[in-house]
Structures are given as C-alpha cells and as structure tokens.
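Raw structure02.pdb, PDB, C-alpha atoms, pLDDT in the B column:
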```
ATOM      1  CA  MET A   1       0.000   0.000   0.000  1.00 43.00           C
ATOM      2  CA  ALA A   2       1.352   3.403  -0.989  1.00 41.00           C
ATOM      3  CA  LYS A   3       2.203   5.766   1.848  1.00 49.00           C
ATOM      4  CA  PRO A   4      -0.004   8.846   2.096  1.00 50.00           C
ATOM      5  CA  ASP A   5       1.466  11.969   0.516  1.00 64.00           C
ATOM      6  CA  HIS A   6       1.911  14.578   3.243  1.00 70.00           C
ATOM      7  CA  SER A   7       3.865  17.031   1.097  1.00 81.00           C
ATOM      8  CA  LEU A   8       0.708  19.041   0.385  1.00 86.00           C
ATOM      9  CA  ASP A   9      -0.254  19.445   4.052  1.00 91.00           C
ATOM     10  CA  PRO A  10       1.996  22.461   4.807  1.00 94.00           C
ATOM     11  CA  LEU A  11       0.830  24.198   1.614  1.00 94.00           C
ATOM     12  CA  ILE A  12      -2.831  23.754   2.511  1.00 96.00           C
ATOM     13  CA  LEU A  13      -2.355  24.872   6.110  1.00 97.00           C
ATOM     14  CA  ALA A  14      -0.310  27.934   5.157  1.00 97.00           C
ATOM     15  CA  SER A  15      -2.893  28.982   2.575  1.00 97.00           C
ATOM     16  CA  ALA A  16      -5.725  28.367   5.034  1.00 98.00           C
ATOM     17  CA  ARG A  17      -3.971  30.416   7.733  1.00 98.00           C
ATOM     18  CA  ARG A  18      -3.671  33.400   5.392  1.00 98.00           C
ATOM     19  CA  GLU A  19      -7.270  33.093   4.235  1.00 98.00           C
ATOM     20  CA  PHE A  20      -8.706  32.788   7.760  1.00 98.00           C
ATOM     21  CA  LEU A  21      -6.632  35.730   9.009  1.00 98.00           C
ATOM     22  CA  GLU A  22      -7.735  37.916   6.118  1.00 97.00           C
ATOM     23  CA  LYS A  23     -11.391  36.894   5.857  1.00 97.00           C
ATOM     24  CA  GLY A  24     -12.297  35.256   9.160  1.00 96.00           C
ATOM     25  CA  PHE A  25     -13.799  31.783   9.299  1.00 97.00           C
ATOM     26  CA  GLU A  26     -17.248  32.654   7.951  1.00 95.00           C
ATOM     27  CA  LYS A  27     -16.066  34.480   4.815  1.00 97.00           C
ATOM     28  CA  ALA A  28     -13.091  32.242   4.113  1.00 97.00           C
ATOM     29  CA  SER A  29     -13.338  30.273   0.875  1.00 96.00           C
ATOM     30  CA  LEU A  30     -12.121  26.712   0.505  1.00 96.00           C
ATOM     31  CA  LYS A  31     -11.898  27.351  -3.236  1.00 96.00           C
ATOM     32  CA  ARG A  32      -9.483  30.245  -2.684  1.00 97.00           C
ATOM     33  CA  ILE A  33      -7.510  28.235  -0.147  1.00 97.00           C
ATOM     34  CA  CYS A  34      -7.034  25.460  -2.691  1.00 96.00           C
ATOM     35  CA  GLU A  35      -6.184  27.869  -5.511  1.00 96.00           C
ATOM     36  CA  ASN A  36      -3.576  29.688  -3.411  1.00 96.00           C
ATOM     37  CA  ALA A  37      -2.077  26.381  -2.272  1.00 95.00           C
ATOM     38  CA  ASN A  38      -2.142  25.103  -5.859  1.00 94.00           C
ATOM     39  CA  VAL A  39      -4.010  21.953  -4.855  1.00 94.00           C
ATOM     40  CA  THR A  40      -7.327  20.471  -5.884  1.00 93.00           C
ATOM     41  CA  THR A  41     -10.395  20.575  -3.658  1.00 93.00           C
ATOM     42  CA  GLY A  42     -10.285  16.780  -3.767  1.00 93.00           C
ATOM     43  CA  ALA A  43      -6.822  16.836  -2.194  1.00 92.00           C
ATOM     44  CA  LEU A  44      -8.116  19.082   0.576  1.00 93.00           C
ATOM     45  CA  TYR A  45     -11.178  16.938   1.284  1.00 93.00           C
ATOM     46  CA  LYS A  46      -8.987  13.834   1.479  1.00 92.00           C
ATOM     47  CA  ARG A  47      -7.352  15.478   4.503  1.00 92.00           C
ATOM     48  CA  TYR A  48     -10.121  17.568   6.076  1.00 93.00           C
ATOM     49  CA  SER A  49     -13.858  16.984   6.181  1.00 92.00           C
ATOM     50  CA  GLY A  50     -14.592  20.675   5.729  1.00 94.00           C
ATOM     51  CA  LYS A  51     -13.720  24.253   6.594  1.00 96.00           C
ATOM     52  CA  GLU A  52     -14.263  23.875  10.337  1.00 96.00           C
ATOM     53  CA  GLU A  53     -11.902  20.923  10.610  1.00 96.00           C
ATOM     54  CA  LEU A  54      -9.342  22.806   8.523  1.00 97.00           C
ATOM     55  CA  PHE A  55      -9.566  25.805  10.872  1.00 98.00           C
ATOM     56  CA  ALA A  56      -9.058  23.502  13.853  1.00 97.00           C
ATOM     57  CA  ALA A  57      -5.968  22.053  12.185  1.00 97.00           C
ATOM     58  CA  VAL A  58      -4.518  25.518  11.619  1.00 98.00           C
ATOM     59  CA  VAL A  59      -4.841  26.487  15.296  1.00 98.00           C
ATOM     60  CA  ALA A  60      -4.076  23.028  16.721  1.00 97.00           C
ATOM     61  CA  ASP A  61      -0.480  23.760  17.748  1.00 97.00           C
ATOM     62  CA  THR A  62      -1.454  27.012  19.478  1.00 98.00           C
ATOM     63  CA  VAL A  63      -4.314  25.313  21.322  1.00 98.00           C
ATOM     64  CA  ALA A  64      -1.996  22.500  22.437  1.00 98.00           C
ATOM     65  CA  ASP A  65       0.600  24.974  23.725  1.00 97.00           C
ATOM     66  CA  LEU A  66      -2.011  26.959  25.675  1.00 97.00           C
ATOM     67  CA  ASN A  67      -3.514  23.802  27.169  1.00 95.00           C
ATOM     68  CA  GLU A  68      -0.034  22.802  28.315  1.00 94.00           C
ATOM     69  CA  ILE A  69       0.210  26.095  30.228  1.00 92.00           C
ATOM     70  CA  ILE A  70      -3.096  25.277  31.934  1.00 92.00           C
ATOM     71  CA  ALA A  71      -1.847  21.804  32.828  1.00 91.00           C
ATOM     72  CA  GLN A  72       1.296  23.278  34.395  1.00 87.00           C
ATOM     73  CA  LYS A  73      -0.775  25.689  36.505  1.00 83.00           C
ATOM     74  CA  SER A  74      -3.230  23.059  37.694  1.00 85.00           C
ATOM     75  CA  VAL A  75      -2.180  21.823  41.142  1.00 76.00           C
ATOM     76  CA  THR A  76      -4.160  19.199  43.035  1.00 75.00           C
ATOM     77  CA  ASP A  77      -1.858  18.577  46.014  1.00 88.00           C
ATOM     78  CA  PHE A  78      -1.305  21.882  47.795  1.00 90.00           C
ATOM     79  CA  SER A  79       0.488  20.150  50.661  1.00 88.00           C
ATOM     80  CA  GLN A  80       3.589  20.378  48.484  1.00 90.00           C
ATOM     81  CA  VAL A  81       3.151  24.114  47.828  1.00 91.00           C
ATOM     82  CA  SER A  82       4.805  26.611  50.173  1.00 94.00           C
ATOM     83  CA  ASP A  83       3.222  29.820  51.457  1.00 93.00           C
ATOM     84  CA  GLU A  84       5.649  31.781  49.296  1.00 92.00           C
ATOM     85  CA  GLU A  85       4.629  29.839  46.176  1.00 90.00           C
ATOM     86  CA  LEU A  86       0.923  30.392  46.880  1.00 90.00           C
ATOM     87  CA  VAL A  87       1.426  34.144  47.043  1.00 91.00           C
ATOM     88  CA  LYS A  88       3.947  34.221  44.182  1.00 89.00           C
ATOM     89  CA  ALA A  89       1.314  32.679  41.907  1.00 87.00           C
ATOM     90  CA  TRP A  90      -0.327  36.142  41.797  1.00 89.00           C
ATOM     91  CA  ASP A  91       2.888  38.076  41.192  1.00 88.00           C
ATOM     92  CA  MET A  92       2.279  39.445  37.687  1.00 87.00           C
ATOM     93  CA  ASP A  93       5.031  42.030  37.350  1.00 90.00           C
ATOM     94  CA  GLU A  94       6.312  43.457  34.049  1.00 92.00           C
ATOM     95  CA  ASP A  95       8.819  40.650  33.492  1.00 94.00           C
ATOM     96  CA  TYR A  96       6.155  37.982  33.927  1.00 92.00           C
ATOM     97  CA  MET A  97       3.603  39.830  31.802  1.00 94.00           C
ATOM     98  CA  MET A  98       6.122  40.387  29.021  1.00 96.00           C
ATOM     99  CA  TRP A  99       6.811  36.650  29.102  1.00 95.00           C
ATOM    100  CA  TRP A 100       3.123  36.138  28.322  1.00 95.00           C
ATOM    101  CA  PHE A 101       3.060  38.739  25.554  1.00 97.00           C
ATOM    102  CA  ARG A 102       6.203  37.285  23.939  1.00 97.00           C
ATOM    103  CA  TYR A 103       4.866  33.754  24.298  1.00 97.00           C
ATOM    104  CA  LEU A 104       1.634  34.714  22.533  1.00 97.00           C
ATOM    105  CA  ASP A 105       3.478  36.818  19.942  1.00 97.00           C
ATOM    106  CA  GLU A 106       5.541  33.743  19.023  1.00 97.00           C
ATOM    107  CA  ARG A 107       2.196  32.058  18.309  1.00 97.00           C
ATOM    108  CA  HIS A 108       0.756  35.219  16.813  1.00 97.00           C
ATOM    109  CA  ASP A 109      -1.287  33.910  13.905  1.00 97.00           C
ATOM    110  CA  GLY A 110      -2.860  31.036  15.801  1.00 98.00           C
ATOM    111  CA  PHE A 111      -3.727  33.255  18.761  1.00 98.00           C
ATOM    112  CA  VAL A 112      -5.251  35.984  16.574  1.00 98.00           C
ATOM    113  CA  LEU A 113      -7.334  33.357  14.801  1.00 98.00           C
ATOM    114  CA  LEU A 114      -8.635  32.079  18.127  1.00 98.00           C
ATOM    115  CA  VAL A 115      -9.515  35.474  19.618  1.00 97.00           C
ATOM    116  CA  SER A 116     -10.889  37.259  16.546  1.00 96.00           C
ATOM    117  CA  CYS A 117     -11.532  34.925  13.595  1.00 97.00           C
ATOM    118  CA  ALA A 118     -13.154  31.835  15.107  1.00 97.00           C
ATOM    119  CA  GLU A 119     -16.863  32.699  15.005  1.00 96.00           C
ATOM    120  CA  ASN A 120     -19.008  29.644  14.155  1.00 96.00           C
ATOM    121  CA  THR A 121     -16.201  27.191  14.839  1.00 97.00           C
ATOM    122  CA  ARG A 122     -15.696  25.028  17.925  1.00 96.00           C
ATOM    123  CA  TYR A 123     -13.617  27.949  19.209  1.00 98.00           C
ATOM    124  CA  THR A 124     -16.376  30.559  18.928  1.00 97.00           C
ATOM    125  CA  ASN A 125     -16.266  31.141  22.687  1.00 97.00           C
ATOM    126  CA  PHE A 126     -12.504  30.828  23.015  1.00 97.00           C
ATOM    127  CA  GLN A 127     -12.062  34.052  24.989  1.00 97.00           C
ATOM    128  CA  HIS A 128     -14.625  33.036  27.615  1.00 97.00           C
ATOM    129  CA  ASP A 129     -13.537  29.393  27.664  1.00 97.00           C
ATOM    130  CA  TRP A 130      -9.876  30.335  28.171  1.00 97.00           C
ATOM    131  CA  VAL A 131     -10.740  32.559  31.143  1.00 97.00           C
ATOM    132  CA  GLU A 132     -12.847  29.741  32.582  1.00 96.00           C
ATOM    133  CA  LYS A 133      -9.874  27.378  32.328  1.00 94.00           C
ATOM    134  CA  MET A 134      -7.573  29.945  33.934  1.00 94.00           C
ATOM    135  CA  THR A 135     -10.088  30.496  36.725  1.00 95.00           C
ATOM    136  CA  GLN A 136     -10.313  26.788  37.459  1.00 92.00           C
ATOM    137  CA  ALA A 137      -6.522  26.462  37.361  1.00 90.00           C
ATOM    138  CA  THR A 138      -5.820  29.388  39.693  1.00 90.00           C
ATOM    139  CA  TYR A 139      -8.779  29.529  42.089  1.00 92.00           C
ATOM    140  CA  GLY A 140      -7.285  26.718  44.131  1.00 91.00           C
ATOM    141  CA  TYR A 141      -4.243  28.888  44.845  1.00 91.00           C
ATOM    142  CA  TYR A 142      -6.508  31.570  46.291  1.00 93.00           C
ATOM    143  CA  GLN A 143      -8.553  29.066  48.316  1.00 93.00           C
ATOM    144  CA  GLU A 144      -5.429  27.563  49.845  1.00 94.00           C
ATOM    145  CA  ALA A 145      -3.983  31.007  50.591  1.00 93.00           C
ATOM    146  CA  ARG A 146      -7.246  31.957  52.279  1.00 94.00           C
ATOM    147  CA  ARG A 147      -7.292  28.693  54.257  1.00 94.00           C
ATOM    148  CA  ARG A 148      -3.777  29.440  55.516  1.00 93.00           C
ATOM    149  CA  GLU A 149      -4.849  33.017  56.314  1.00 93.00           C
ATOM    150  CA  LEU A 150      -2.261  34.466  53.964  1.00 93.00           C
ATOM    151  CA  THR A 151      -5.090  36.747  52.834  1.00 92.00           C
ATOM    152  CA  THR A 152      -8.175  37.989  54.662  1.00 91.00           C
ATOM    153  CA  VAL A 153      -9.998  38.907  51.445  1.00 93.00           C
ATOM    154  CA  ASP A 154     -13.082  36.791  50.760  1.00 95.00           C
ATOM    155  CA  MET A 155     -13.687  36.315  47.064  1.00 94.00           C
ATOM    156  CA  SER A 156     -15.934  33.900  45.184  1.00 96.00           C
ATOM    157  CA  GLU A 157     -14.852  31.916  42.152  1.00 96.00           C
ATOM    158  CA  ALA A 158     -17.357  33.914  40.097  1.00 97.00           C
ATOM    159  CA  GLU A 159     -15.743  37.189  41.196  1.00 96.00           C
ATOM    160  CA  ILE A 160     -12.284  35.945  40.283  1.00 95.00           C
ATOM    161  CA  HIS A 161     -13.670  34.852  36.909  1.00 97.00           C
ATOM    162  CA  ILE A 162     -14.985  38.383  36.327  1.00 97.00           C
ATOM    163  CA  LEU A 163     -11.638  39.941  37.259  1.00 96.00           C
ATOM    164  CA  LEU A 164      -9.743  37.509  35.045  1.00 96.00           C
ATOM    165  CA  THR A 165     -12.135  38.266  32.179  1.00 97.00           C
ATOM    166  CA  ALA A 166     -11.199  41.944  32.418  1.00 97.00           C
ATOM    167  CA  PHE A 167      -7.515  41.070  32.839  1.00 96.00           C
ATOM    168  CA  TRP A 168      -7.408  38.810  29.781  1.00 97.00           C
ATOM    169  CA  ALA A 169      -9.271  41.368  27.682  1.00 97.00           C
ATOM    170  CA  THR A 170      -6.217  43.605  28.114  1.00 96.00           C
ATOM    171  CA  ILE A 171      -4.156  40.773  26.630  1.00 96.00           C
ATOM    172  CA  TYR A 172      -6.505  39.793  23.784  1.00 96.00           C
ATOM    173  CA  GLU A 173      -7.149  43.295  22.496  1.00 97.00           C
ATOM    174  CA  PRO A 174      -3.589  44.293  21.486  1.00 97.00           C
ATOM    175  CA  PHE A 175      -3.395  41.197  19.275  1.00 97.00           C
ATOM    176  CA  ILE A 176      -6.802  41.924  17.783  1.00 96.00           C
ATOM    177  CA  HIS A 177      -5.634  45.474  17.008  1.00 96.00           C
ATOM    178  CA  GLY A 178      -2.360  44.375  15.438  1.00 95.00           C
ATOM    179  CA  TYR A 179       0.144  45.600  18.032  1.00 96.00           C
ATOM    180  CA  ASN A 180       3.801  44.878  17.314  1.00 95.00           C
ATOM    181  CA  LEU A 181       6.231  43.770  20.021  1.00 92.00           C
ATOM    182  CA  GLU A 182       7.340  47.318  20.823  1.00 94.00           C
ATOM    183  CA  GLN A 183       3.727  48.381  21.309  1.00 96.00           C
ATOM    184  CA  LEU A 184       3.106  45.293  23.447  1.00 96.00           C
ATOM    185  CA  GLU A 185       5.993  46.288  25.726  1.00 95.00           C
ATOM    186  CA  SER A 186       4.454  49.725  26.270  1.00 95.00           C
ATOM    187  CA  HIS A 187       0.991  48.225  26.779  1.00 96.00           C
ATOM    188  CA  CYS A 188       2.407  45.747  29.296  1.00 95.00           C
ATOM    189  CA  LYS A 189       3.372  48.580  31.642  1.00 94.00           C
ATOM    190  CA  LEU A 190      -0.225  49.837  31.628  1.00 93.00           C
ATOM    191  CA  VAL A 191      -1.637  46.390  32.355  1.00 94.00           C
ATOM    192  CA  CYS A 192       0.663  45.962  35.354  1.00 92.00           C
ATOM    193  CA  LYS A 193      -0.436  49.317  36.752  1.00 91.00           C
ATOM    194  CA  LEU A 194      -4.090  48.450  36.225  1.00 92.00           C
ATOM    195  CA  PHE A 195      -3.979  44.959  37.777  1.00 92.00           C
ATOM    196  CA  ASP A 196      -2.108  44.802  41.074  1.00 90.00           C
ATOM    197  CA  TRP A 197      -3.114  41.329  42.215  1.00 91.00           C
ATOM    198  CA  TYR A 198      -1.190  41.637  45.472  1.00 90.00           C
ATOM    199  CA  ARG A 199      -3.306  44.641  46.395  1.00 90.00           C
ATOM    200  CA  ILE A 200      -6.517  42.970  45.176  1.00 92.00           C
ATOM    201  CA  PHE A 201      -5.958  39.952  47.435  1.00 91.00           C
ATOM    202  CA  GLY A 202      -4.334  41.846  50.283  1.00 89.00           C
ATOM    203  CA  PHE A 203      -1.024  40.004  50.021  1.00 86.00           C
ATOM    204  CA  SER A 204       2.173  41.601  51.246  1.00 73.00           C
ATOM    205  CA  SER A 205       4.413  42.780  48.412  1.00 62.00           C
ATOM    206  CA  PRO A 206       7.045  40.196  47.378  1.00 58.00           C
TER
END
```
Let me see whether you can do it: turn the structure in this file into structure tokens.
Amino acid sequence: MAKPDHSLDPLILASARREFLEKGFEKASLKRICENANVTTGALYKRYSGKEELFAAVVADTVADLNEIIAQKSVTDFSQVSDEELVKAWDMDEDYMMWWFRYLDERHDGFVLLVSCAENTRYTNFQHDWVEKMTQATYGYYQEARRRELTTVDMSEAEIHILLTAFWATIYEPFIHGYNLEQLESHCKLVCKLFDWYRIFGFSSP
C-alpha cells in the first residue's frame, strides 16, 4: 500500500492560515484556499472533512501549547506548595507579563485566529472558555492562601472569573488590534499598573 502523501499538508495549512486571518472563518473560501495552495479541492477533502476541521488544524499547535500552560498551573496537592509559592502565583510584574506577551506573539497567527476569527467554529467562545480554564486552574491557589490566612480577602470563584475576564481582555485586544512587540511592551506597563493582584488579594508585596 502506498504511503499517504503529506507534502501538500503544509501548503494547505499555510494557505488556510492566510485566508482565515484575512477573511475570518465565515467568509473564508475553501476554493481560494485550494487555488492559493495550488491543490485540488479533492486533495483538501482527502485530509479535512470541511472548513471547520481545517480551521481547527490551523490552530491546533497554538491550542496544544495553551492547554499545556493550563496543565502546568493546575495543582491538586497543595500540601507540596509553600506559602511563598501560593502568594507568588499572583505576582504578575512586568517581566512575567512580558513573558506572556512574547509567548503569545511567538504564536501570533494562531492566537489571533482564536480570539478574533473563530466565530461559528468550535472555538467561537474561546475568549470566555480560556478565562474559565484559567479560573479553574488558579482559584485553588486563592482558596489555599485563604485557608492558611495568607489573605483575609473573601472572594468567590465567580468574582475571580470576572476579574480575570477583564484582565485577559487587556491581553486579547492588542493582538486583535495588530500591536507589534514594541507596542506590546508599552501596553504591558499599563496592564501591570491596572492589575495589582497583590493589592486585590491583600497580600504583602514580594
């Protein structure tokens, strides 16, 4: 049996990425994607069942990388976490925030597709779903800090979700508006001034 020809896969994905970024999912054309990749529609349908599956393939690496971040932040055994680590989890200074902006900028196209071009795909609610995942991953840190009386601030999971929604909007929007890395660095300073998590939770400064 002949081995499947994967040489066309990068051409299709690159063409699809450009088309989705320019047109968004709804207005993207499989015909144009095939023409720009110089492949037949038959070749595309041998690999992807349709436009939605093709979009998912384009963003797959970015989604996998982001899910790995969530997995790293998800702690189930807090007996192994020190007081310092519990508090440090909320230390979002300029160095840490710029790590995030650079990390996302390295995955620029996939991230932009997820936050601004994914309507009517399985990632339609990506912005909300990502905040929900971050809330679930980080709320345990707050609960444990509160249990140990490292903070006296009472806050519900819903309230933290609301705050994180506002926080992540300040991260999504620069990518939606096409900021370059220099602009992201300037924006980062504003975000850090706006969100002082140590003050919000009543932690002592590190």
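The two atoms in question, atom CA of A:Thr135 and atom CA of A:His161, are spaced 5.6 Å apart.
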| request: For each of A:Phe20, A:Trp90, A:Trp168, A:Trp130, take the minimum atom-to-atom distance to A:Asn67, counting all atoms listed in the file, then give the residue where this is smallest. | output: A:Trp130
Spatial neighbours of A:Arg146, max dist 12 Å, only C-alpha atoms, sep filter under 6 positions, as a tab-separated table (two decimals) with C-alpha atoms, in the frame of the given file:
```
chain	number	residue	atom	x	y	z
A	83	ASP	CA	3.22	29.82	51.46
A	86	LEU	CA	0.92	30.39	46.88
A	87	VAL	CA	1.43	34.14	47.04
A	139	TYR	CA	-8.78	29.53	42.09
A	140	GLY	CA	-7.28	26.72	44.13
A	152	THR	CA	-8.18	37.99	54.66
A	153	VAL	CA	-10.00	38.91	51.44
A	154	ASP	CA	-13.08	36.79	50.76
A	155	MET	CA	-13.69	36.32	47.06
A	156	SER	CA	-15.93	33.90	45.18
A	201	PHE	CA	-5.96	39.95	47.44
A	202	GLY	CA	-4.33	41.85	50.28
A	203	PHE	CA	-1.02	40.00	50.02
```
| request: Find the residue from A:Leu21, A:Leu8, A:Ala137, A:Leu54 that sits nearest to A:Ile160; use only C-alpha atoms when measuring. | output: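 Checking each candidate against A:Ile160, we get A:Ala137 as the closest.
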| query | Suppose you want the space between atom CA of A:Val75 and atom CA of A:Glu159; what is it in Å? | reply |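 Distance reported for this atom pair: 20.5 Å.
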If you take every atom of stretch 9-15 of chain A that the file lists and fit an axis-aligned box around them with 3 Å extra on each side, what centre and edge lengths come out in Å to one decimal, as JSON?
```
{"center_x": -0.4, "center_y": 24.2, "center_z": 3.9, "size_x": 10.9, "size_y": 15.5, "size_z": 10.5}
```
| said: Taking (-15.2, 32.6, 27.6) as a centre in this file's frame and 12 Å as the limit, can you find every polymer residue with an atom that close, using all atoms listed in the file, and give them as a PyMOL selection string? | reply: chain A and resi 114-115+123-135+161-162+164-166+168-169+172
Run the PyMOL selection byres ((chain A and resi 23) around 12) on the file and write out the hits as a compact mmCIF listing (two decimals) with C-alpha atoms, keeping the file's coordinate frame.
```txt
# COMPACT_ATOMS: atom_id res chain seq x y z
CA ALA A 16 -5.72 28.37 5.03
CA ARG A 17 -3.97 30.42 7.73
CA ARG A 18 -3.67 33.40 5.39
CA GLU A 19 -7.27 33.09 4.24
CA PHE A 20 -8.71 32.79 7.76
CA LEU A 21 -6.63 35.73 9.01
CA GLU A 22 -7.74 37.92 6.12
CA GLY A 24 -12.30 35.26 9.16
CA PHE A 25 -13.80 31.78 9.30
CA GLU A 26 -17.25 32.65 7.95
CA LYS A 27 -16.07 34.48 4.82
CA ALA A 28 -13.09 32.24 4.11
CA SER A 29 -13.34 30.27 0.88
CA LEU A 30 -12.12 26.71 0.50
CA ARG A 32 -9.48 30.24 -2.68
CA ILE A 33 -7.51 28.24 -0.15
CA LEU A 113 -7.33 33.36 14.80
CA SER A 116 -10.89 37.26 16.55
CA CYS A 117 -11.53 34.92 13.60
CA ALA A 118 -13.15 31.84 15.11
CA GLU A 119 -16.86 32.70 15.00
```
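Note that the spacing between atom CA of A:Leu104 and atom CA of A:Phe175 amounts to 8.8 Å.
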| request: Decode the PyMOL selection byres ((chain A and resi 184) around 9) for the given file into explicit residues and return them as a VMD selection string. | output: chain A and resid 98 101 to 102 174 to 175 179 to 183 185 to 189
| query | Which of these, A:Ile176, A:Leu194, A:Tyr103, A:Thr138, has the shortest distance to A:Leu66 once you count all atoms listed in the file? | reply |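 Ranked by minimum distance to A:Leu66, first place goes to A:Tyr103.
Minimum distance to A:Arg148 across A:Phe78, A:Ile200, A:Asp93, A:Ser49 (counting all atoms listed in the file) occurs at A:Phe78.
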| Sphere at (5.0, 28.6, 45.6), radius 12 Å, counting all atoms listed in the file: residues as a ChimeraX atom specification | /A:73,75,78-91,141-142,144-145,206
| Contacts of A:Pro10 at 12 Å or less, counting all atoms listed in the file, minus same-chain residues fewer than 3 places along, as a PyMOL selection string? | chain A and resi 5-7+13-17+37-39+44+47+54+57-58
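Of the listed residues (A:Ile70, A:Met97, A:Val59, A:Ala43), A:Ile70 comes nearest to A:Gln136; the distances count all atoms listed in the file.
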